[in-house]
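Trainee: Structure supplied as work_20.txt; contents: compact mmCIF, C-alpha atoms.
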```txt
# COMPACT_ATOMS: atom_id res chain seq x y z
CA MET I 1 10.18 -25.99 5.94
CA ALA I 2 6.58 -25.33 6.90
CA LEU I 3 5.83 -22.53 9.32
CA ASP I 4 4.69 -23.45 12.81
CA PRO I 5 0.96 -22.64 13.24
CA GLY I 6 1.77 -21.91 16.89
CA LEU I 7 3.35 -18.63 15.74
CA VAL I 8 -0.09 -17.11 15.13
CA GLY I 9 -0.73 -14.35 17.65
CA ARG I 10 2.93 -13.78 18.47
CA SER I 11 3.51 -10.09 19.09
CA TYR I 12 6.74 -8.11 19.01
CA PRO I 13 7.87 -5.13 21.08
CA PRO I 14 6.79 -1.69 19.81
CA SER I 15 9.15 0.18 17.49
CA VAL I 16 10.94 3.38 18.32
CA VAL I 17 8.94 6.53 17.53
CA TYR I 18 8.74 7.48 13.84
CA GLU I 19 8.12 11.17 13.32
CA VAL I 20 6.21 11.81 10.09
CA GLY I 21 7.88 14.62 8.15
CA ARG I 22 6.10 16.86 5.67
CA GLU I 23 8.95 16.50 3.17
CA LYS I 24 8.68 12.71 3.39
CA ILE I 25 4.94 12.91 2.68
CA ALA I 26 5.56 15.21 -0.29
CA GLU I 27 8.29 12.87 -1.59
CA PHE I 28 5.94 9.88 -1.34
CA ALA I 29 3.09 11.72 -3.11
CA ARG I 30 5.52 12.78 -5.86
CA ALA I 31 6.62 9.15 -6.32
CA LEU I 32 2.96 8.29 -6.98
CA GLY I 33 2.62 11.19 -9.42
CA ASP I 34 -0.06 12.64 -7.15
CA ASP I 35 -0.21 16.43 -7.19
CA ASP I 36 -3.11 16.79 -4.71
CA PRO I 37 -2.23 19.92 -2.66
CA VAL I 38 -3.43 18.32 0.62
CA TYR I 39 -0.16 16.32 0.56
CA ARG I 40 2.10 19.41 0.48
CA ASP I 41 0.22 22.61 1.26
CA THR I 42 -0.87 23.13 4.88
CA GLU I 43 -3.47 25.74 3.89
CA ALA I 44 -5.04 23.40 1.32
CA ALA I 45 -5.07 20.60 3.90
CA ARG I 46 -6.76 22.87 6.47
CA ALA I 47 -9.32 24.00 3.89
CA ALA I 48 -10.13 20.31 3.39
CA GLY I 49 -10.67 19.92 7.15
CA HIS I 50 -7.33 18.36 8.14
CA PRO I 51 -5.14 19.84 10.93
CA ASP I 52 -2.04 19.62 8.70
CA VAL I 53 -0.87 17.99 5.47
CA VAL I 54 -1.95 14.35 5.25
CA ALA I 55 -0.20 11.37 3.69
CA PRO I 56 -1.49 9.28 0.77
CA PRO I 57 -3.39 6.20 2.06
CA THR I 58 -0.57 3.81 1.12
CA PHE I 59 2.10 5.86 2.95
CA ALA I 60 1.64 3.53 5.93
CA ILE I 61 3.75 1.01 3.99
CA VAL I 62 6.83 3.14 4.79
CA LEU I 63 6.42 2.32 8.48
CA SER I 64 4.99 -1.17 8.16
CA LEU I 65 7.80 -2.41 5.88
CA GLY I 66 10.39 -1.60 8.50
CA ALA I 67 8.29 -2.80 11.42
CA GLY I 68 7.45 -6.07 9.65
CA ASN I 69 11.14 -6.97 9.35
CA VAL I 70 11.20 -7.85 13.04
CA VAL I 71 9.02 -10.86 12.16
CA LEU I 72 11.31 -12.03 9.35
CA GLU I 73 14.29 -11.71 11.70
CA ASP I 74 12.62 -13.93 14.32
CA PRO I 75 14.70 -17.16 14.40
CA ASP I 76 11.47 -19.15 14.91
CA VAL I 77 10.08 -17.83 11.62
CA ALA I 78 11.83 -20.20 9.26
CA ILE I 79 11.28 -18.44 5.98
CA ASP I 80 13.72 -18.03 3.11
CA TYR I 81 13.61 -14.30 2.49
CA SER I 82 15.23 -14.64 -0.93
CA ARG I 83 12.13 -16.52 -2.11
CA VAL I 84 9.58 -14.14 -0.63
CA VAL I 85 7.09 -12.22 -2.74
CA HIS I 86 4.41 -9.78 -1.57
CA GLY I 87 1.08 -11.55 -2.03
CA GLU I 88 -1.50 -9.26 -0.48
CA GLN I 89 -1.65 -5.98 1.38
CA LYS I 90 -4.41 -4.39 3.41
CA PHE I 91 -4.81 -1.05 5.19
CA VAL I 92 -7.49 -0.04 7.67
CA HIS I 93 -7.27 3.67 8.46
CA HIS I 94 -8.70 5.08 11.67
CA ARG I 95 -7.65 8.52 10.43
CA PRO I 96 -5.15 9.78 7.83
CA ILE I 97 -1.48 9.88 8.82
CA ARG I 98 -0.36 13.52 8.94
CA ALA I 99 2.78 15.61 9.25
CA GLY I 100 4.06 15.79 12.80
CA ASP I 101 2.56 12.48 13.87
CA ARG I 102 4.81 10.58 16.25
CA LEU I 103 3.95 6.97 15.51
CA VAL I 104 4.83 3.65 17.10
CA ALA I 105 4.52 0.42 15.10
CA THR I 106 3.70 -2.90 16.74
CA ALA I 107 4.09 -6.05 14.64
CA SER I 108 2.39 -9.38 15.18
CA ILE I 109 1.76 -12.59 13.27
CA GLU I 110 -1.82 -12.76 12.03
CA ALA I 111 -1.81 -16.02 10.06
CA VAL I 112 0.41 -18.77 8.70
CA ARG I 113 -0.56 -21.23 5.97
CA SER I 114 1.12 -23.70 3.70
CA VAL I 115 -0.39 -24.32 0.29
CA ALA I 116 1.20 -26.52 -2.37
CA GLY I 117 4.67 -26.21 -0.84
CA ASN I 118 4.44 -22.44 -0.49
CA ASP I 119 4.55 -20.86 2.95
CA MET I 120 2.23 -17.91 3.49
CA LEU I 121 2.86 -15.55 6.38
CA THR I 122 0.52 -12.69 7.25
CA THR I 123 2.15 -9.98 9.32
CA ARG I 124 0.05 -7.34 10.99
CA VAL I 125 1.43 -3.94 11.96
CA ASP I 126 -0.60 -1.59 14.14
CA LEU I 127 0.32 2.09 13.95
CA ALA I 128 -0.61 4.32 16.85
CA THR I 129 0.56 7.68 18.18
CA GLU I 130 2.96 7.52 21.09
CA ASP I 131 -0.03 8.56 23.24
CA GLY I 132 -1.87 5.44 22.13
CA GLU I 133 -4.34 6.83 19.57
CA PRO I 134 -4.84 4.14 16.90
CA VAL I 135 -4.07 5.47 13.40
CA CYS I 136 -3.77 2.57 10.98
CA ARG I 137 -3.68 -1.21 10.85
CA THR I 138 -1.81 -2.91 8.03
CA SER I 139 -1.64 -6.57 7.03
CA ALA I 140 0.93 -7.94 4.62
CA MET I 141 0.68 -11.46 3.26
CA LEU I 142 4.09 -12.75 2.16
CA VAL I 143 4.52 -15.88 0.08
CA ALA I 144 7.73 -17.90 0.27
CA ARG I 145 7.78 -19.96 -2.88
CA GLY I 146 8.70 -23.59 -2.29
CA ALA I 147 12.21 -24.54 -3.41
CA MET O 1 -12.38 16.23 6.23
CA ALA O 2 -15.05 15.22 3.78
CA ALA O 3 -15.33 13.60 0.41
CA VAL O 4 -16.49 15.80 -2.45
CA VAL O 5 -18.57 13.00 -3.96
CA ARG O 6 -21.81 12.57 -2.04
CA ARG O 7 -23.46 9.34 -1.12
CA ALA O 8 -26.64 10.46 -2.89
CA ASP O 9 -24.66 10.90 -6.13
CA VAL O 10 -23.59 7.27 -6.39
CA GLU O 11 -25.27 3.95 -6.90
CA VAL O 12 -24.03 0.43 -7.53
CA GLY O 13 -22.41 0.58 -10.94
CA THR O 14 -21.24 4.21 -10.75
CA GLU O 15 -17.90 4.31 -12.54
CA LEU O 16 -14.79 6.20 -11.47
CA PRO O 17 -13.00 8.29 -14.10
CA PRO O 18 -10.45 5.95 -15.74
CA GLN O 19 -6.78 6.64 -15.00
CA THR O 20 -3.75 5.72 -17.07
CA SER O 21 -0.21 6.09 -15.68
CA ARG O 22 3.14 5.37 -17.21
CA VAL O 23 5.81 3.76 -15.05
CA THR O 24 9.45 4.04 -16.11
CA ARG O 25 12.68 2.84 -14.50
CA ALA O 26 13.14 6.37 -13.16
CA ASP O 27 9.75 6.09 -11.43
CA LEU O 28 10.88 2.85 -9.77
CA VAL O 29 14.02 4.54 -8.43
CA ARG O 30 11.90 7.43 -7.14
CA TYR O 31 9.44 5.05 -5.45
CA ALA O 32 12.26 2.98 -3.93
CA GLY O 33 13.64 6.09 -2.27
CA ALA O 34 10.26 7.37 -1.14
CA SER O 35 9.08 4.03 0.28
CA GLY O 36 12.38 2.61 1.53
CA ASP O 37 11.84 -0.60 -0.49
CA PHE O 38 15.22 -1.14 -2.13
CA ASN O 39 14.64 -4.77 -3.17
CA VAL O 40 17.03 -5.27 -6.11
CA ILE O 41 14.37 -6.86 -8.34
CA HIS O 42 12.94 -3.35 -8.74
CA TRP O 43 16.09 -1.87 -10.25
CA ASN O 44 18.60 -4.58 -11.25
CA GLU O 45 17.86 -6.51 -14.46
CA ARG O 46 20.60 -9.09 -13.81
CA VAL O 47 19.27 -10.06 -10.39
CA ALA O 48 15.64 -9.93 -11.55
CA THR O 49 16.27 -12.41 -14.36
CA GLU O 50 18.47 -14.60 -12.12
CA VAL O 51 15.53 -15.14 -9.77
CA GLY O 52 13.29 -16.09 -12.68
CA LEU O 53 11.47 -12.84 -13.39
CA PRO O 54 11.03 -11.62 -16.99
CA GLY O 55 12.89 -8.43 -16.05
CA VAL O 56 12.82 -5.55 -13.58
CA ILE O 57 9.35 -5.30 -12.06
CA ALA O 58 7.51 -2.44 -10.40
CA HIS O 59 6.99 -2.45 -6.63
CA GLY O 60 3.56 -3.95 -6.00
CA MET O 61 2.84 -1.07 -3.65
CA LEU O 62 3.64 1.45 -6.40
CA THR O 63 0.95 -0.14 -8.55
CA ALA O 64 -1.39 -0.26 -5.54
CA GLY O 65 -0.57 3.37 -4.76
CA LEU O 66 -1.44 4.43 -8.31
CA ALA O 67 -4.74 2.57 -8.03
CA ALA O 68 -5.49 4.25 -4.67
CA ARG O 69 -4.79 7.61 -6.32
CA ALA O 70 -7.67 6.97 -8.73
CA VAL O 71 -9.97 6.48 -5.71
CA THR O 72 -8.83 9.52 -3.71
CA ALA O 73 -8.96 11.75 -6.84
CA TRP O 74 -12.55 10.62 -7.41
CA ALA O 75 -13.60 10.95 -3.77
CA GLY O 76 -11.89 14.35 -3.48
CA ASP O 77 -10.23 13.59 -0.13
CA PRO O 78 -7.49 11.08 0.75
CA GLY O 79 -9.06 10.74 4.21
CA ALA O 80 -12.18 9.25 2.64
CA LEU O 81 -10.34 6.02 1.78
CA VAL O 82 -10.79 4.14 5.05
CA GLU O 83 -9.98 0.59 3.95
CA TYR O 84 -7.90 -0.64 1.05
CA SER O 85 -6.84 -4.14 0.12
CA VAL O 86 -5.05 -5.60 -2.88
CA ARG O 87 -3.79 -8.95 -4.07
CA PHE O 88 -0.72 -8.86 -6.30
CA SER O 89 -1.59 -11.28 -9.08
CA ARG O 90 0.98 -10.53 -11.78
CA PRO O 91 4.15 -8.42 -11.87
CA VAL O 92 4.32 -5.20 -13.90
CA VAL O 93 7.46 -5.61 -16.00
CA VAL O 94 9.14 -2.25 -16.62
CA PRO O 95 11.46 -2.29 -19.65
CA ASP O 96 14.54 -0.06 -19.79
CA ASP O 97 13.40 1.65 -22.98
CA GLY O 98 12.55 5.12 -21.74
CA VAL O 99 8.87 4.39 -22.33
CA GLY O 100 8.17 1.98 -19.49
CA ALA O 101 4.90 0.23 -18.71
CA GLU O 102 1.35 1.48 -18.69
CA VAL O 103 -0.86 0.95 -15.62
CA VAL O 104 -4.57 1.38 -16.31
CA VAL O 105 -7.03 1.74 -13.42
CA ALA O 106 -10.80 1.39 -13.75
CA GLY O 107 -13.19 1.34 -10.82
CA ARG O 108 -16.85 1.07 -10.04
CA VAL O 109 -19.02 1.25 -6.97
CA ALA O 110 -19.78 -2.39 -6.17
CA ALA O 111 -21.75 -2.11 -2.93
CA LEU O 112 -23.45 0.43 -0.71
CA LEU O 113 -22.48 -0.10 2.92
CA ASP O 114 -23.71 1.31 6.22
CA ASP O 115 -22.87 4.79 7.57
CA GLY O 116 -22.43 6.43 4.16
CA ARG O 117 -19.67 4.09 3.08
CA VAL O 118 -19.38 2.48 -0.33
CA ARG O 119 -17.16 -0.29 -1.64
CA VAL O 120 -15.26 0.43 -4.83
CA ASP O 121 -13.87 -2.49 -6.83
CA LEU O 122 -10.85 -1.69 -8.98
CA THR O 123 -9.61 -3.33 -12.15
CA VAL O 124 -5.91 -2.67 -12.63
CA THR O 125 -4.18 -3.81 -15.79
CA SER O 126 -0.86 -3.49 -17.57
CA GLY O 127 -0.48 -4.57 -21.18
CA GLY O 128 -4.05 -5.87 -21.07
CA GLU O 129 -3.35 -8.26 -18.16
CA LYS O 130 -4.74 -7.90 -14.65
CA VAL O 131 -1.89 -7.05 -12.27
CA LEU O 132 -3.98 -6.63 -9.11
CA SER O 133 -6.89 -8.84 -8.18
CA LEU O 134 -9.40 -8.27 -5.39
CA ALA O 135 -8.41 -4.62 -5.32
CA ARG O 136 -11.04 -3.04 -3.11
CA ALA O 137 -11.49 0.28 -1.38
CA VAL O 138 -14.03 1.27 1.24
CA VAL O 139 -14.77 4.97 0.84
CA GLN O 140 -16.50 7.17 3.40
CA LEU O 141 -18.80 9.57 1.55
```
Now, as a test, write the supplied structure out as structure tokens.

Mentor:
Amino acid sequence: MALDPGLVGRSYPPSVVYEVGREKIAEFARALGDDDPVYRDTEAARAAGHPDVVAPPTFAIVLSLGAGNVVLEDPDVAIDYSRVVHGEQKFVHHRPIRAGDRLVATASIEAVRSVAGNDMLTTRVDLATEDGEPVCRTSAMLVARGA
Amino acid sequence: MAAVVRRADVEVGTELPPQTSRVTRADLVRYAGASGDFNVIHWNERVATEVGLPGVIAHGMLTAGLAARAVTAWAGDPGALVEYSVRFSRPVVVPDDGVGAEVVVAGRVAALLDDGRVRVDLTVTSGGEKVLSLARAVVQL
């Protein structure tokens, strides 16, 4: 079933606060085989001009994956999750995510398209501190392959 | 925060140091835990083949994360990567042979932008095939 173009612009309530932990950042960097000390050593991060250890640029996916699920759970978004593949991903960083950040994720629907029987849904997730400072904007384009 | 590479040091065509990574099933388990993406196609051969894949495939964002690592290592600061976009064009199949798959990242400066920013275009391959297309990073130098 094709997605309703009227869904574009729909926004969802903000998530609960996610507190970024330094161990989680280190775990993520390790999973990428990245041994840059700015991901695990506060002194190295400060020497590089950061207030604390920072996260790799794709760490935002940890928050946006969870926040994006609210869209897939929307009963109006008729998409067969078992046929979904990740088509595209984009990050726009206002500043690096860092340890101690208390972030709120707000999901919205950026675009819907149907091409050759495949539904394409672009979900946007805006990450900001609980005080409202914008940190990162992510967009995920999901493709539901036609049955 | 500041990149180590300076704007004056680069021009269109400047190449990033090439990067080769090996991805094994153990790496997929590690990335699943770190990212929270526990989709079974990234660890269960039976389910992966049932849904029509050639086998267990790497998380697209693991491949994209490895490619971003090549950019931040070159720039000298993760904070320098201000925009990053990828299209997942082909899955990276990771065999259960203890050897895994190779992910090769090449990059070059493709455009000089305003405010000391440059656009880096990445070519990311596995087994000689492109696995990401339109992989682009905007780097603040």

Trainee: So that each row is one residue of chain I with an atom at most 10 Å from chain O, can you give its shortest atom pair and the distance in Å to one decimal, using all atoms listed in the file, rows by chain and rising number, as JSON lines?

Mentor:
```
{"residue": "I:Lys24", "atom": "CA", "partner": "O:Ala34", "partner_atom": "CA", "distance": 7.2}
{"residue": "I:Ile25", "atom": "CA", "partner": "O:Ala34", "partner_atom": "CA", "distance": 8.6}
{"residue": "I:Ala26", "atom": "CA", "partner": "O:Ala34", "partner_atom": "CA", "distance": 9.2}
{"residue": "I:Glu27", "atom": "CA", "partner": "O:Ala34", "partner_atom": "CA", "distance": 5.9}
{"residue": "I:Phe28", "atom": "CA", "partner": "O:Ala34", "partner_atom": "CA", "distance": 5.0}
{"residue": "I:Ala29", "atom": "CA", "partner": "O:Ala34", "partner_atom": "CA", "distance": 8.6}
{"residue": "I:Arg30", "atom": "CA", "partner": "O:Arg30", "partner_atom": "CA", "distance": 8.4}
{"residue": "I:Ala31", "atom": "CA", "partner": "O:Tyr31", "partner_atom": "CA", "distance": 5.1}
{"residue": "I:Leu32", "atom": "CA", "partner": "O:Leu66", "partner_atom": "CA", "distance": 6.0}
{"residue": "I:Gly33", "atom": "CA", "partner": "O:Leu66", "partner_atom": "CA", "distance": 8.0}
{"residue": "I:Asp34", "atom": "CA", "partner": "O:Arg69", "partner_atom": "CA", "distance": 7.0}
{"residue": "I:Asp35", "atom": "CA", "partner": "O:Ala73", "partner_atom": "CA", "distance": 9.9}
{"residue": "I:Asp36", "atom": "CA", "partner": "O:Ala73", "partner_atom": "CA", "distance": 8.0}
{"residue": "I:Val38", "atom": "CA", "partner": "O:Pro78", "partner_atom": "CA", "distance": 8.3}
{"residue": "I:Tyr39", "atom": "CA", "partner": "O:Pro78", "partner_atom": "CA", "distance": 9.0}
{"residue": "I:Ala45", "atom": "CA", "partner": "O:Met1", "partner_atom": "CA", "distance": 8.8}
{"residue": "I:Arg46", "atom": "CA", "partner": "O:Met1", "partner_atom": "CA", "distance": 8.7}
{"residue": "I:Ala47", "atom": "CA", "partner": "O:Met1", "partner_atom": "CA", "distance": 8.7}
{"residue": "I:Ala48", "atom": "CA", "partner": "O:Met1", "partner_atom": "CA", "distance": 5.5}
{"residue": "I:Gly49", "atom": "CA", "partner": "O:Met1", "partner_atom": "CA", "distance": 4.2}
{"residue": "I:His50", "atom": "CA", "partner": "O:Met1", "partner_atom": "CA", "distance": 5.8}
{"residue": "I:Pro51", "atom": "CA", "partner": "O:Met1", "partner_atom": "CA", "distance": 9.4}
{"residue": "I:Val54", "atom": "CA", "partner": "O:Pro78", "partner_atom": "CA", "distance": 7.9}
{"residue": "I:Ala55", "atom": "CA", "partner": "O:Pro78", "partner_atom": "CA", "distance": 7.9}
{"residue": "I:Pro56", "atom": "CA", "partner": "O:Pro78", "partner_atom": "CA", "distance": 6.3}
{"residue": "I:Pro57", "atom": "CA", "partner": "O:Pro78", "partner_atom": "CA", "distance": 6.5}
{"residue": "I:Thr58", "atom": "CA", "partner": "O:Gly65", "partner_atom": "CA", "distance": 5.9}
{"residue": "I:Phe59", "atom": "CA", "partner": "O:Ser35", "partner_atom": "CA", "distance": 7.7}
{"residue": "I:Ala60", "atom": "CA", "partner": "O:Ser35", "partner_atom": "CA", "distance": 9.4}
{"residue": "I:Ile61", "atom": "CA", "partner": "O:Ser35", "partner_atom": "CA", "distance": 7.2}
{"residue": "I:Val62", "atom": "CA", "partner": "O:Ser35", "partner_atom": "CA", "distance": 5.1}
{"residue": "I:Leu63", "atom": "CA", "partner": "O:Ser35", "partner_atom": "CA", "distance": 8.8}
{"residue": "I:Leu65", "atom": "CA", "partner": "O:Asp37", "partner_atom": "CA", "distance": 7.8}
{"residue": "I:Gly66", "atom": "CA", "partner": "O:Gly36", "partner_atom": "CA", "distance": 8.4}
{"residue": "I:Ser82", "atom": "CA", "partner": "O:Val51", "partner_atom": "CA", "distance": 8.9}
{"residue": "I:Arg83", "atom": "CA", "partner": "O:Val51", "partner_atom": "CA", "distance": 8.5}
{"residue": "I:Val85", "atom": "CA", "partner": "O:Phe88", "partner_atom": "CA", "distance": 9.2}
{"residue": "I:His86", "atom": "CA", "partner": "O:Phe88", "partner_atom": "CA", "distance": 7.0}
{"residue": "I:Gly87", "atom": "CA", "partner": "O:Phe88", "partner_atom": "CA", "distance": 5.4}
{"residue": "I:Glu88", "atom": "CA", "partner": "O:Arg87", "partner_atom": "CA", "distance": 4.3}
{"residue": "I:Gln89", "atom": "CA", "partner": "O:Val86", "partner_atom": "CA", "distance": 5.5}
{"residue": "I:Lys90", "atom": "CA", "partner": "O:Ser85", "partner_atom": "CA", "distance": 4.1}
{"residue": "I:Phe91", "atom": "CA", "partner": "O:Tyr84", "partner_atom": "CA", "distance": 5.2}
{"residue": "I:Val92", "atom": "CA", "partner": "O:Glu83", "partner_atom": "CA", "distance": 4.5}
{"residue": "I:His93", "atom": "CA", "partner": "O:Val82", "partner_atom": "CA", "distance": 4.9}
{"residue": "I:His94", "atom": "CA", "partner": "O:Val82", "partner_atom": "CA", "distance": 7.0}
{"residue": "I:Arg95", "atom": "CA", "partner": "O:Gly79", "partner_atom": "CA", "distance": 6.8}
{"residue": "I:Pro96", "atom": "CA", "partner": "O:Gly79", "partner_atom": "CA", "distance": 5.4}
{"residue": "I:Ile97", "atom": "CA", "partner": "O:Gly79", "partner_atom": "CA", "distance": 8.9}
{"residue": "I:Cys136", "atom": "CA", "partner": "O:Val82", "partner_atom": "CA", "distance": 9.3}
{"residue": "I:Arg137", "atom": "CA", "partner": "O:Glu83", "partner_atom": "CA", "distance": 9.5}
{"residue": "I:Thr138", "atom": "CA", "partner": "O:Ser85", "partner_atom": "CA", "distance": 9.5}
{"residue": "I:Ser139", "atom": "CA", "partner": "O:Ser85", "partner_atom": "CA", "distance": 9.0}
{"residue": "I:Ala140", "atom": "CA", "partner": "O:Ser85", "partner_atom": "CA", "distance": 9.8}
{"residue": "I:Met141", "atom": "CA", "partner": "O:Arg87", "partner_atom": "CA", "distance": 8.9}
```

Trainee: Fewer than 5 positions away in the same chain doesn't count, so skip those; otherwise give me all residues within 12 Å of Thr106 of chain I, counting only C-alpha atoms, as a ChimeraX atom specification.

Mentor: /I:10-18,63-71,123-130,132,134-139

Trainee: Hey, which of I:Asp131, I:Asp80, I:Asp74, I:Asp119 ends up closest to Arg102 of chain I? Count all atoms listed in the file.

Mentor: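 Looking only at the distances to Arg102 of chain I, the closest residue turns out to be I:Asp131.
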
Trainee: What does the distance between atom CA of Ile57 of chain O and atom CA of Val131 of chain O come to in Å, to one decimal place?

Mentor: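 Atom-to-atom, atom CA of Ile57 of chain O and atom CA of Val131 of chain O are spaced 11.4 Å apart.
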
Trainee: Take atom CA of Asp4 of chain I and atom CA of Tyr81 of chain I and report the distance between them in Å, one decimal.

Mentor: 16.4 Å

Trainee: Show me, as a list of chain:residue names, the residues that have an atom within 8 Å of Arg22 of chain I when counting only C-alpha atoms, minus same-chain residues fewer than 5 positions from it.

Mentor: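 After dropping sequence-adjacent residues, the list is I:Arg40, I:Val53, I:Arg98, I:Ala99, I:Gly100.
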
Trainee: What does the structure give for the distance between atom CA of Pro37 of chain I and atom CA of Gly107 of chain O, in Å to one decimal?

Mentor: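 Taking atom CA of Pro37 of chain I and atom CA of Gly107 of chain O, their separation equals 23.1 Å.
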
Trainee: For Gly55 of chain O, which of O:Thr20, O:Val40, O:Leu122, O:Val93 is the closest residue, counting all atoms listed in the file?

Mentor: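 Residue with the minimum atom-to-atom distance to Gly55 of chain O: O:Val93.
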
Trainee: Calculated over all atoms listed in the file, which of the candidates O:Leu141, O:Ala48, O:Ala8, O:Val109 has the smallest distance to Ala75 of chain O?

Mentor: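 With all atoms listed in the file as the atom set, the closest residue is O:Leu141.
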
Trainee: Report as a list in words all protein, DNA and RNA residues lying within 8 Å of Ser114 of chain I, evaluated on all atoms listed in the file, omitting residues in the same chain fewer than 5 positions from it.

Mentor: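 So the residues in contact are Ala2, Leu3, Asp119 and Met120 of chain I.
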
Trainee: Quick one: residues within 10 Å of Gly13 of chain O, all atoms listed in the file, excluding same-chain residues fewer than 5 positions away - as a ChimeraX atom specification?

Mentor: /O:107-111,120-121

Trainee: Please output segment 67-78 of chain O, rebuilt to include N, CA, C and O atoms, as a short mmCIF file (atom, residue, chain, number, x, y, z; two decimals), keeping the file's coordinate frame.

Mentor:
```cif
data_model
loop_
_atom_site.label_atom_id
_atom_site.label_comp_id
_atom_site.auth_asym_id
_atom_site.auth_seq_id
_atom_site.Cartn_x
_atom_site.Cartn_y
_atom_site.Cartn_z
N ALA O 67 -3.32 2.92 -8.02
CA ALA O 67 -4.74 2.57 -8.03
C ALA O 67 -5.49 3.33 -6.94
O ALA O 67 -6.62 3.81 -7.15
N ALA O 68 -4.86 3.49 -5.76
CA ALA O 68 -5.49 4.25 -4.67
C ALA O 68 -5.67 5.71 -5.07
O ALA O 68 -6.64 6.36 -4.68
N ARG O 69 -4.71 6.22 -5.87
CA ARG O 69 -4.79 7.61 -6.32
C ARG O 69 -6.06 7.84 -7.14
O ARG O 69 -6.70 8.90 -7.05
N ALA O 70 -6.44 6.84 -7.94
CA ALA O 70 -7.67 6.97 -8.73
C ALA O 70 -8.88 7.10 -7.81
O ALA O 70 -9.83 7.83 -8.12
N VAL O 71 -8.84 6.42 -6.66
CA VAL O 71 -9.97 6.48 -5.71
C VAL O 71 -10.00 7.82 -4.98
O VAL O 71 -11.05 8.46 -4.87
N THR O 72 -8.84 8.26 -4.49
CA THR O 72 -8.83 9.52 -3.71
C THR O 72 -9.12 10.71 -4.62
O THR O 72 -9.76 11.68 -4.20
N ALA O 73 -8.67 10.65 -5.90
CA ALA O 73 -8.96 11.75 -6.84
C ALA O 73 -10.46 11.82 -7.10
O ALA O 73 -11.04 12.90 -7.17
N TRP O 74 -11.09 10.66 -7.18
CA TRP O 74 -12.55 10.62 -7.41
C TRP O 74 -13.28 11.12 -6.17
O TRP O 74 -14.16 11.97 -6.25
N ALA O 75 -12.89 10.60 -5.01
CA ALA O 75 -13.60 10.95 -3.77
C ALA O 75 -13.37 12.42 -3.40
O ALA O 75 -14.23 13.04 -2.78
N GLY O 76 -12.19 12.95 -3.77
CA GLY O 76 -11.89 14.35 -3.48
C GLY O 76 -11.22 14.56 -2.14
O GLY O 76 -10.98 15.70 -1.74
N ASP O 77 -10.90 13.46 -1.43
CA ASP O 77 -10.23 13.59 -0.13
C ASP O 77 -9.53 12.27 0.20
O ASP O 77 -10.17 11.23 0.25
N PRO O 78 -8.21 12.32 0.42
CA PRO O 78 -7.49 11.08 0.75
C PRO O 78 -8.01 10.44 2.04
O PRO O 78 -7.94 9.22 2.21
#
```
